[in-house]
Structure formats: structure tokens, C-alpha cells
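For reference, coords-v7.csv is printed below; it contains CSV, C-alpha atoms.
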```csv
chain,number,residue,atom,x,y,z
A,1,SER,CA,109.6,75.1,97.2
A,2,SER,CA,108.0,74.4,100.5
A,3,PRO,CA,104.9,72.3,100.7
A,4,SER,CA,101.5,73.9,100.5
A,5,ILE,CA,99.8,74.7,103.8
A,6,GLU,CA,96.1,75.2,104.1
A,7,ALA,CA,95.2,78.8,104.6
A,8,THR,CA,93.9,79.7,108.1
A,9,THR,CA,92.7,83.1,107.3
A,10,SER,CA,89.5,84.0,109.0
A,11,THR,CA,86.5,85.0,106.8
A,12,SER,CA,84.7,87.0,109.4
A,13,TYR,CA,83.0,90.2,108.1
A,14,THR,CA,83.8,93.5,109.8
A,15,PRO,CA,81.4,96.5,109.4
A,16,VAL,CA,82.4,99.3,107.1
A,17,ASN,CA,83.1,101.7,109.9
A,18,PRO,CA,83.9,99.6,113.0
A,19,THR,CA,82.5,101.3,116.2
A,20,PRO,CA,85.2,101.7,118.9
A,21,THR,CA,84.5,100.3,122.3
A,22,THR,CA,82.9,102.5,124.9
A,23,ASN,CA,85.1,105.2,126.5
A,24,CYS,CA,87.9,104.4,124.0
A,25,THR,CA,88.9,107.3,121.6
A,26,PRO,CA,90.1,106.0,118.2
A,27,GLY,CA,93.8,106.6,117.9
A,28,TRP,CA,94.0,107.2,114.1
A,29,SER,CA,93.4,110.7,112.8
A,30,VAL,CA,94.0,112.4,109.5
A,31,VAL,CA,96.9,114.9,109.3
A,32,ASP,CA,96.9,117.4,106.4
A,33,SER,CA,99.8,116.6,104.1
A,34,LEU,CA,99.4,119.4,101.5
A,35,LYS,CA,99.6,123.1,102.2
A,36,PRO,CA,96.7,125.3,101.0
A,37,SER,CA,99.0,126.9,98.4
A,38,GLN,CA,99.8,123.6,96.8
A,39,ASN,CA,98.0,122.2,93.8
A,40,ARG,CA,95.4,119.9,95.2
A,41,ASN,CA,94.2,118.9,91.8
A,42,GLN,CA,97.3,116.8,90.9
A,43,THR,CA,96.9,113.0,91.4
A,44,SER,CA,99.4,111.8,94.0
A,45,ALA,CA,100.0,108.9,96.4
A,46,LEU,CA,102.4,108.2,99.3
A,47,ARG,CA,104.0,104.8,99.2
A,48,ASP,CA,106.4,104.7,102.2
A,49,ILE,CA,107.5,106.5,105.4
A,50,ALA,CA,110.7,106.6,107.4
A,51,VAL,CA,111.1,108.1,110.9
A,52,ILE,CA,114.4,109.5,112.2
A,53,THR,CA,113.0,111.4,115.2
A,54,ALA,CA,109.5,112.6,116.2
A,55,ASN,CA,110.3,115.9,114.4
A,56,ASP,CA,112.2,114.4,111.4
A,57,ILE,CA,110.0,112.2,109.3
A,58,TRP,CA,110.0,111.5,105.5
A,59,ALA,CA,107.2,110.2,103.3
A,60,VAL,CA,107.7,109.5,99.6
A,61,GLY,CA,105.6,108.6,96.6
A,62,GLY,CA,104.6,110.0,93.3
A,63,GLY,CA,101.8,110.9,90.9
A,64,SER,CA,100.9,112.9,87.9
A,65,GLN,CA,103.6,115.5,88.6
A,66,GLY,CA,106.4,112.9,89.0
A,67,GLY,CA,108.3,112.0,92.3
A,68,LEU,CA,107.0,113.3,95.6
A,69,ALA,CA,108.8,113.7,99.0
A,70,ILE,CA,107.2,115.4,102.0
A,71,HIS,CA,108.9,116.1,105.3
A,72,TRP,CA,107.5,116.4,108.9
A,73,ASN,CA,109.3,118.9,111.2
A,74,GLY,CA,107.1,118.3,114.2
A,75,ASN,CA,104.4,120.8,113.3
A,76,GLU,CA,103.6,120.4,109.6
A,77,TRP,CA,104.3,118.5,106.4
A,78,THR,CA,106.2,120.3,103.6
A,79,THR,CA,107.0,119.3,100.1
A,80,VAL,CA,110.7,118.9,99.1
A,81,PRO,CA,111.9,118.8,95.5
A,82,VAL,CA,113.1,115.4,94.3
A,83,PRO,CA,114.5,113.9,91.1
A,84,GLY,CA,111.8,113.5,88.4
A,85,PHE,CA,111.1,109.8,88.9
A,86,SER,CA,108.4,108.4,91.1
A,87,LEU,CA,109.6,107.1,94.5
A,88,ASN,CA,108.5,103.7,96.0
A,89,LYS,CA,110.4,103.3,99.3
A,90,VAL,CA,112.6,105.3,101.7
A,91,ALA,CA,115.1,104.4,104.4
A,92,ALA,CA,116.8,106.8,106.9
A,93,VAL,CA,120.2,106.6,108.6
A,94,ALA,CA,120.3,110.1,109.9
A,95,THR,CA,119.0,113.6,109.3
A,96,ASP,CA,121.5,114.1,106.5
A,97,ASP,CA,121.6,110.6,105.2
A,98,VAL,CA,118.3,109.3,103.7
A,99,TRP,CA,117.9,107.0,100.7
A,100,ALA,CA,114.9,106.6,98.4
A,101,ILE,CA,114.2,104.2,95.5
A,102,GLY,CA,111.8,104.2,92.6
A,103,GLY,CA,111.8,104.9,88.9
A,104,ASN,CA,109.5,105.4,85.9
A,105,GLY,CA,110.2,102.4,83.7
A,106,THR,CA,113.8,102.3,85.0
A,107,VAL,CA,115.7,101.9,88.3
A,108,GLY,CA,115.8,105.2,90.3
A,109,LEU,CA,117.9,105.9,93.4
A,110,ALA,CA,118.1,109.2,95.3
A,111,HIS,CA,120.0,110.4,98.3
A,112,TRP,CA,119.2,113.2,100.8
A,113,ASP,CA,122.3,114.9,102.1
A,114,GLY,CA,120.6,117.2,104.5
A,115,THR,CA,120.0,119.9,101.9
A,116,HIS,CA,119.0,118.3,98.6
A,117,TRP,CA,117.8,115.1,97.1
A,118,ASN,CA,120.3,114.0,94.5
A,119,GLU,CA,120.0,111.2,91.9
A,120,VAL,CA,122.5,108.4,92.3
A,121,SER,CA,123.7,106.0,89.5
A,122,VAL,CA,122.6,102.4,89.9
A,123,PRO,CA,124.6,99.3,88.8
A,124,ALA,CA,122.9,96.6,86.7
A,125,PRO,CA,123.4,92.8,86.7
A,126,SER,CA,125.6,91.7,83.9
A,127,ASP,CA,122.9,89.6,82.2
A,128,SER,CA,120.3,92.3,82.1
A,129,LYS,CA,119.2,94.1,79.0
A,130,THR,CA,116.2,96.0,80.3
A,131,PRO,CA,115.9,98.2,83.3
A,132,GLY,CA,115.1,96.5,86.5
A,133,THR,CA,112.9,97.7,89.4
A,134,LEU,CA,113.7,98.4,93.0
A,135,LYS,CA,110.9,97.8,95.5
A,136,GLY,CA,112.4,97.7,99.0
A,137,ILE,CA,115.3,99.4,100.9
A,138,ALA,CA,116.6,99.1,104.5
A,139,ALA,CA,119.5,100.8,106.2
A,140,VAL,CA,121.7,99.2,108.9
A,141,SER,CA,124.2,102.1,109.1
A,142,ALA,CA,125.7,104.8,106.9
A,143,ASP,CA,127.9,102.2,105.2
A,144,ASP,CA,125.5,99.3,105.2
A,145,VAL,CA,122.3,99.8,103.1
A,146,TRP,CA,120.4,97.2,101.1
A,147,ALA,CA,118.0,97.6,98.2
A,148,VAL,CA,116.0,94.8,96.5
A,149,GLY,CA,113.8,94.3,93.5
A,150,SER,CA,114.0,92.3,90.2
A,151,TYR,CA,115.2,92.5,86.6
A,152,GLY,CA,114.7,90.8,83.3
A,153,ALA,CA,117.6,88.3,82.7
A,154,TYR,CA,119.0,87.1,79.4
A,155,ASP,CA,121.2,84.3,78.2
A,156,GLY,CA,122.6,85.9,75.1
A,157,GLU,CA,119.4,86.7,73.2
A,158,GLN,CA,117.3,84.2,75.1
A,159,TYR,CA,115.1,85.7,77.8
A,160,ARG,CA,115.5,83.7,81.0
A,161,GLY,CA,112.8,85.4,83.1
A,162,GLU,CA,112.4,87.8,86.0
A,163,LEU,CA,115.1,87.3,88.6
A,164,THR,CA,115.8,88.8,92.1
A,165,MET,CA,118.1,91.8,92.2
A,166,ILE,CA,119.9,92.9,95.4
A,167,LEU,CA,122.1,95.9,95.7
A,168,HIS,CA,124.4,96.9,98.6
A,169,TRP,CA,125.9,100.3,99.6
A,170,ASP,CA,129.2,100.0,101.5
A,171,GLY,CA,129.5,103.7,102.1
A,172,LYS,CA,131.4,104.4,98.9
A,173,GLU,CA,129.5,102.6,96.1
A,174,TRP,CA,126.5,100.5,95.2
A,175,ARG,CA,127.2,97.0,93.9
A,176,VAL,CA,125.1,94.0,92.8
A,177,VAL,CA,125.2,91.1,95.2
A,178,PRO,CA,124.4,87.6,93.9
A,179,SER,CA,121.0,86.4,95.0
A,180,PRO,CA,119.1,83.1,94.6
A,181,ASN,CA,115.8,82.4,92.8
A,182,MET,CA,113.1,79.8,92.8
A,183,GLY,CA,112.5,77.8,89.7
A,184,PRO,CA,109.4,77.7,87.5
A,185,VAL,CA,106.1,76.4,88.8
A,186,ASN,CA,105.1,72.9,88.1
A,187,ASP,CA,102.8,73.9,85.2
A,188,PRO,CA,103.0,72.2,81.8
A,189,LEU,CA,101.7,75.4,80.2
A,190,THR,CA,104.7,77.5,81.2
A,191,THR,CA,108.4,77.3,81.9
A,192,ALA,CA,108.7,81.0,82.8
A,193,ILE,CA,110.6,82.1,85.9
A,194,TRP,CA,109.2,85.1,87.8
A,195,ASN,CA,110.9,86.2,91.0
A,196,ASN,CA,110.4,89.6,92.6
A,197,LEU,CA,111.5,91.0,95.9
A,198,PHE,CA,109.3,93.6,97.4
A,199,ALA,CA,110.8,94.4,100.8
A,200,VAL,CA,113.9,94.0,103.0
A,201,THR,CA,114.7,94.5,106.7
A,202,ALA,CA,117.8,94.1,108.8
A,203,VAL,CA,118.3,92.8,112.3
A,204,SER,CA,122.0,93.3,112.1
A,205,THR,CA,124.9,93.4,109.6
A,206,ASN,CA,124.8,89.6,109.4
A,207,ASP,CA,121.1,89.1,109.7
A,208,VAL,CA,119.1,90.6,106.8
A,209,TRP,CA,115.8,89.3,105.3
A,210,ALA,CA,114.2,90.0,101.9
A,211,VAL,CA,110.7,88.9,100.8
A,212,GLY,CA,108.6,88.8,97.7
A,213,THR,CA,107.0,86.2,95.4
A,214,SER,CA,108.1,83.6,92.9
A,215,SER,CA,105.3,82.8,90.4
A,216,GLY,CA,102.7,83.2,93.1
A,217,ARG,CA,104.7,81.4,95.8
A,218,THR,CA,106.0,83.0,99.0
A,219,LEU,CA,109.7,84.0,98.5
A,220,THR,CA,112.0,84.6,101.5
A,221,LEU,CA,115.8,85.2,101.3
A,222,HIS,CA,118.3,85.5,104.2
A,223,TRP,CA,121.7,87.2,104.4
A,224,ASP,CA,124.1,85.6,106.9
A,225,GLY,CA,126.9,88.1,106.4
A,226,LYS,CA,128.4,86.1,103.6
A,227,GLU,CA,125.7,85.1,101.1
A,228,TRP,CA,122.0,85.2,100.4
A,229,GLY,CA,120.1,81.9,100.7
A,230,LEU,CA,116.6,80.7,100.1
A,231,VAL,CA,114.6,79.9,103.2
A,232,PRO,CA,111.4,77.8,102.9
A,233,ALA,CA,108.3,79.7,103.8
A,234,PRO,CA,104.7,78.5,104.1
A,235,GLU,CA,102.3,78.8,101.2
A,236,THR,CA,98.6,78.8,100.9
A,237,THR,CA,96.7,77.0,98.1
A,238,ASP,CA,96.4,80.4,96.4
A,239,GLU,CA,98.8,82.9,94.8
A,240,ASP,CA,100.9,84.4,97.6
A,241,TYR,CA,102.7,87.8,97.6
A,242,LEU,CA,104.8,89.0,100.6
A,243,ASN,CA,104.8,92.8,100.4
A,244,SER,CA,106.6,93.8,103.6
A,245,ILE,CA,108.8,92.5,106.4
A,246,ALA,CA,109.8,93.8,109.9
A,247,ALA,CA,112.1,92.4,112.6
A,248,ILE,CA,112.1,92.6,116.4
A,249,SER,CA,115.0,90.3,116.8
A,250,ALA,CA,116.8,87.3,115.2
A,251,ASN,CA,113.9,85.0,116.4
A,252,ASP,CA,111.0,87.4,115.9
A,253,VAL,CA,110.3,88.5,112.4
A,254,TRP,CA,107.0,89.3,110.7
A,255,ALA,CA,106.1,89.4,107.0
A,256,VAL,CA,102.7,90.4,105.5
A,257,GLY,CA,101.1,90.4,102.1
A,258,THR,CA,98.3,89.0,100.0
A,259,SER,CA,96.8,85.7,98.9
A,260,LYS,CA,94.8,85.7,95.6
A,261,THR,CA,92.5,82.9,94.8
A,262,ARG,CA,93.2,81.3,91.4
A,263,GLU,CA,89.6,81.0,90.3
A,264,ALA,CA,88.1,83.3,87.7
A,265,GLN,CA,86.4,85.4,90.4
A,266,ARG,CA,89.6,86.3,92.2
A,267,ASN,CA,89.4,87.1,95.9
A,268,ILE,CA,92.2,88.7,97.9
A,269,TYR,CA,93.0,87.9,101.5
A,270,SER,CA,95.5,89.3,104.0
A,271,LEU,CA,98.5,87.0,104.6
A,272,THR,CA,100.8,87.1,107.7
A,273,ILE,CA,103.7,84.8,108.5
A,274,HIS,CA,106.1,84.7,111.4
A,275,TRP,CA,109.8,83.6,111.9
A,276,ASP,CA,110.6,82.2,115.3
A,277,GLY,CA,114.3,81.7,114.7
A,278,ASP,CA,113.9,78.3,113.4
A,279,LYS,CA,111.1,78.3,110.8
A,280,TRP,CA,108.4,80.5,109.2
A,281,SER,CA,104.8,79.8,110.2
A,282,LEU,CA,101.5,80.8,108.7
A,283,MET,CA,99.6,82.9,111.2
A,284,PRO,CA,95.8,83.3,111.4
A,285,SER,CA,94.8,86.7,110.1
A,286,VAL,CA,91.5,88.7,110.0
A,287,GLN,CA,89.5,89.1,106.8
A,288,VAL,CA,87.8,92.4,106.5
A,289,GLY,CA,85.1,93.0,103.9
A,290,GLN,CA,85.2,90.8,100.8
A,291,GLU,CA,88.9,91.5,100.1
A,292,GLY,CA,91.8,92.4,102.3
A,293,ASP,CA,95.3,93.4,101.2
A,294,LEU,CA,98.3,94.2,103.6
A,295,GLY,CA,101.0,96.4,102.2
A,296,ASP,CA,103.3,97.1,105.2
A,297,VAL,CA,104.1,96.0,108.7
A,298,ALA,CA,105.9,97.7,111.6
A,299,ALA,CA,107.3,95.8,114.5
A,300,ILE,CA,107.5,97.7,117.8
A,301,SER,CA,107.7,94.8,120.3
A,302,ALA,CA,106.8,91.2,120.5
A,303,ASN,CA,103.3,92.1,121.6
A,304,ASP,CA,102.9,95.2,119.5
A,305,ILE,CA,102.9,94.6,115.7
A,306,TRP,CA,101.0,96.8,113.2
A,307,ALA,CA,100.0,96.1,109.6
A,308,VAL,CA,98.3,98.4,107.2
A,309,GLY,CA,96.6,98.0,103.8
A,310,SER,CA,93.1,98.2,102.4
A,311,SER,CA,89.8,96.3,102.5
A,312,TYR,CA,87.3,96.2,99.7
A,313,TYR,CA,83.5,95.9,100.0
A,314,TYR,CA,81.7,94.7,96.9
A,315,ASP,CA,78.3,95.4,98.3
A,316,ILE,CA,78.9,99.1,98.6
A,317,GLY,CA,81.7,99.5,96.0
A,318,LYS,CA,84.2,101.0,98.5
A,319,GLU,CA,87.9,100.5,99.2
A,320,LEU,CA,88.7,101.6,102.7
A,321,THR,CA,91.9,101.9,104.8
A,322,LEU,CA,92.8,98.9,106.9
A,323,THR,CA,94.9,98.8,110.1
A,324,MET,CA,95.5,95.6,112.1
A,325,HIS,CA,97.2,95.0,115.4
A,326,TRP,CA,98.9,92.0,116.9
A,327,ASP,CA,98.9,91.9,120.7
A,328,GLY,CA,101.0,88.8,121.1
A,329,LYS,CA,98.1,86.4,120.7
A,330,GLN,CA,96.0,87.4,117.8
A,331,TRP,CA,95.4,90.0,115.0
A,332,SER,CA,92.5,92.5,115.4
A,333,VAL,CA,91.2,95.3,113.3
A,334,VAL,CA,91.7,98.8,114.6
A,335,PRO,CA,89.3,101.5,113.2
A,336,SER,CA,91.0,104.0,110.8
A,337,PRO,CA,89.5,106.9,108.8
A,338,SER,CA,89.0,106.8,105.0
A,339,PRO,CA,88.5,110.4,104.1
A,340,GLY,CA,88.4,109.6,100.4
A,341,GLY,CA,84.8,108.4,100.5
A,342,ASP,CA,84.8,105.6,98.0
A,343,ARG,CA,88.5,104.9,98.0
A,344,GLY,CA,91.3,105.0,100.6
A,345,TYR,CA,94.3,102.7,101.2
A,346,LEU,CA,97.4,102.7,103.3
A,347,SER,CA,100.8,101.7,101.8
A,348,ALA,CA,103.2,102.0,104.7
A,349,ILE,CA,103.4,102.4,108.5
A,350,ALA,CA,106.2,103.5,110.9
A,351,ALA,CA,106.6,104.2,114.6
A,352,ALA,CA,108.2,107.3,116.2
A,353,PRO,CA,110.3,107.2,119.3
A,354,THR,CA,107.4,108.8,121.2
A,355,GLY,CA,105.3,105.7,120.5
A,356,ASP,CA,103.1,107.5,117.9
A,357,LEU,CA,102.4,105.7,114.7
A,358,TRP,CA,102.3,107.2,111.2
A,359,ALA,CA,100.7,105.6,108.2
A,360,VAL,CA,100.6,106.9,104.6
A,361,GLY,CA,98.8,106.1,101.4
A,362,ALA,CA,96.2,107.8,99.3
A,363,THR,CA,92.5,108.6,98.8
A,364,PHE,CA,91.0,108.5,95.4
A,365,SER,CA,93.6,111.0,94.0
A,366,GLN,CA,95.3,112.7,97.0
A,367,THR,CA,98.0,111.9,99.5
A,368,LEU,CA,96.8,110.5,102.8
A,369,VAL,CA,98.6,110.7,106.1
A,370,LEU,CA,97.2,109.2,109.4
A,371,ARG,CA,98.6,109.5,112.9
A,372,ASN,CA,97.9,107.3,115.9
A,373,SER,CA,98.8,109.2,119.0
A,374,LEU,CA,98.9,107.5,122.4
A,375,SER,CA,95.3,107.1,123.5
A,376,PRO,CA,93.2,104.9,125.9
A,377,CYS,CA,92.8,102.5,123.0
A,378,ALA,CA,96.4,101.3,123.3
A,379,THR,CA,98.9,100.6,126.0
A,380,PRO,CA,102.0,102.9,125.7
A,381,THR,CA,105.0,101.1,124.4
A,382,THR,CA,108.6,102.0,123.6
A,383,ALA,CA,109.3,102.0,119.8
A,384,GLY,CA,112.0,99.6,118.7
A,385,SER,CA,113.6,98.5,115.5
A,386,SER,CA,111.4,98.1,112.4
```

Same coordinates, now as C-alpha cells:
Amino acid sequence: SSPSIEATTSTSYTPVNPTPTTNCTPGWSVVDSLKPSQNRNQTSALRDIAVITANDIWAVGGGSQGGLAIHWNGNEWTTVPVPGFSLNKVAAVATDDVWAIGGNGTVGLAHWDGTHWNEVSVPAPSDSKTPGTLKGIAAVSADDVWAVGSYGAYDGEQYRGELTMILHWDGKEWRVVPSPNMGPVNDPLTTAIWNNLFAVTAVSTNDVWAVGTSSGRTLTLHWDGKEWGLVPAPETTDEDYLNSIAAISANDVWAVGTSKTREAQRNIYSLTIHWDGDKWSLMPSVQVGQEGDLGDVAAISANDIWAVGSSYYYDIGKELTLTMHWDGKQWSVVPSPSPGGDRGYLSAIAAAPTGDLWAVGATFSQTLVLRNSLSPCATPTTAGSS
């Protein structure tokens, strides 16, 4: 484990509805994600989004009616039937080659072949007795796809703890790839091991990152083309969870997440770290409201990084959408709508080749899709890998 590093998160308070600067039109707007003919009474949320082209975008999630997948054709979102399990993440290779992971109490994997979503069988580690979970997926090419998560490990009948689980698709089959874990925390009250991977991103075939948490410590793993290895990452004095990761290049990678204080009155702060090719560094973030949680990050260029999540305001009892932007020097909050009134959060963000940004999440009980078209608020940039 790497040594603890004092948190540098700012505690500045941002108004509930930040007012944009004069003569600057806010870029984020709500896009309807349900047709009038659809049942708007069902509880549903979107958890991830993948862009193939500006007119070919997938968003996935789930709710009271099971799994959910919606598709953008350039004009509207339409619902597409999926296997029954809820979906967590999606990764796209091509129009007829899209992968989604999820599960309801078990591991679920689905593939879009251009016409239908089909359930795909998932291998299990040899020492598992209970279903694992998949939380992150990333595609390098049609024959190079990674999925990450965790599973309960056993030594005979003895439970060992929660361990990292990494699967790889080689174009023909999914297989389990050995992955390292961090040991138990230095706590006399417990010897439990709890490792969980939440996200994965690929720079190239031989340069892949996965992030998560190990008993409340930052967890970062790296694939060098031959094996997965542990890489030390900075920790705050709180419980740290890395929820997402995105890469510009081999020496420019961002991971975002959450720090939770260990006191009885738990506070939640946004967490951002950066890889410069040599080491991970804790980066100053922006605290919004009394709690801030980052769920996803999109890397467009070195000076154009976006992170999304939610901010909570105890004084008014509201959870609102949160979007933050890195301009190469610092993070700043960008105004975003929260149409749900008392509750709205964003789970994922992705950039289209046009430079437009898409973010998805949920209001109190309905899907939420936001779009940030090029506006005077931002300098046009060319979308890159994410």
C-alpha cells in the first residue's frame, strides 16, 4: 500500500444553481430519452454511455422492469430489447459490435451484433463459489476487450474475501486473466480482504489500466501486455473509491472517484488523481455543496477533461447533477440541469466526434440524458480516446 497523502480537496461552497457568466449560454441541456408511448411510471436509471459516431450512441442501465438499453440515431433515443438483467457498463467497437455488462445477483454479459442483444456465457475463477460482479468494460478492438469486477474467493470451505476479477475477450472466447490484490488493512478488528475493480480503460493492447478500491484504499492495476501488476496510488486519510478512469496517452491518465470520511457523520468528497507516465498524483478538486461524488470521467485532450457525478445539499435536502471540467490547470464546476427537482445525478459521460458531450444518469425515478453542444462557454476541441 502506498503511504497516506493529505487530501487537498477544496471545501468551497458553490450555489445550488450556479449562474453562468454574462453572454455565455450554458452548454448542458436535457434531451428526452423516453418516447411518449413508453411507460414513464417505471423506475429506471442510466449507468453508462458509449459513442460510436455522432448518430450511433448507446446508453444502458436498468430499473424496475429489468435491463435497459437506449440508442441514439442522430434525431431521437429509442429503447431496444435487452436480456433480462440490469446493465452497468457498455463499450463499443463498431455499429455491429457492442458489449454490455451487468447482472442481477450474478454476472451478466450481453453482445449487440447489429440486430439483437444476445446474452453471452461468462467464465468464473476456479476458486469462486458465488457469482461475481462486473463493473467496468473497455474495448481496444474486436478481438481485444477487457471486463473487470470482483468475486468471492474460497480456499476449500474457507472464505478468503472479495478479490479482483478480470476477463478478456480475444475474438473467440472470454477467459479469466490472473490479477493481483491488496492485502487486509492494518486493523486488529478484521483480517478481511476486500478488493473491487470498478472501471477499466485502454491506451493500447499493451497499456491497460483498471481502478477500484481495496478496503477503502485506492486500487490501481496495470496491464503491460503480459501480466497485471499493482501500481501504488495516492491515498487520502479517508476511505477512497476510484469509480472511473480515462486515458489520453501513456503518460496522461485520469481517475476519479470518492473519499468518505471515517467519522460517524460521513462526508463524501470528490477525488481526482493523475498519471504522468511515472507516478500517480492526487489533484486538487472542487467540493460542491456538502457532499460531492464523481462517477465517471471522459478525456478529450490534455486540457479538456470532464467528470460527472452528483452534489448533495443538506441545507435544502437536494441531490443535484454535477459536471466538472479540467482546463489543463484546474478543475471548475460547469452548470448542469437537474430536472428531477429534489434528486438528480449523472453516472457517465462520453464525447462524440463532433465535440458534443453526452452525460447520462437519473432523476428521482426516471432516466436522464444531458447534451453539451458546442457553445460560447467552451473552446471547440477534437474528441480523442476516452

*What separation in Å, quoted to one decimal, exists between atom CA of A:Met283 and atom CA of A:Asn88?*
27.3 Å

*Counting all atoms listed in the file, the residue of A:Val200, A:Ala352, A:Ile273, A:Leu346 that sits nearest A:Leu46*: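 When distances to A:Leu46 are compared using all atoms listed in the file, the smallest one comes from A:Leu346.
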
*Mind pulling up the distance from atom CA of A:Pro180 to atom CA of A:Leu163?*
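Rounded to one decimal, the two atoms are 8.3 Å apart.
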
*Exercise: A:Val177 partners within 8 Å, all atoms listed in the file, chain neighbours under 2 positions left out, as a ChimeraX atom specification*: /A:165-168,175,179

Generate the output file for the selected residues, C-alpha atoms, as a PDB file, in the coordinates of the input.
```pdb
ATOM      1  CA  MET A 165     118.100  91.800  92.200  1.00  0.00           C
ATOM      2  CA  ILE A 166     119.900  92.900  95.400  1.00  0.00           C
ATOM      3  CA  LEU A 167     122.100  95.900  95.700  1.00  0.00           C
ATOM      4  CA  HIS A 168     124.400  96.900  98.600  1.00  0.00           C
ATOM      5  CA  ARG A 175     127.200  97.000  93.900  1.00  0.00           C
ATOM      6  CA  SER A 179     121.000  86.400  95.000  1.00  0.00           C
TER       7      SER A 179
END
```

_Selected residue of minimal separation from A:Thr354 among A:Thr130, A:Asn55, A:Ser121, A:Thr213, counting only C-alpha atoms_ =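 Looking only at the distances to A:Thr354, the closest residue turns out to be A:Asn55.
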
*asked:* Using all atoms listed in the file, can you tell me which of A:Gly62, A:Pro178, A:Gly309, A:Gly328 comes closest to A:Ala348?
replied: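 Of the candidates, the smallest distance to A:Ala348 is held by A:Gly309.
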
*Point out the residue among A:Lys260, A:Arg371, A:Lys329, A:Lys318 with the least atom-to-atom distance to A:Gly27, counting only C-alpha atoms.*
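Of A:Lys260, A:Arg371, A:Lys329, A:Lys318, the one nearest A:Gly27 is A:Arg371, counting only C-alpha atoms.
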
*Work out how far atom CA of A:Gly257 is from atom CA of A:Leu322, in Å to one decimal.*
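It comes out at 12.8 Å.
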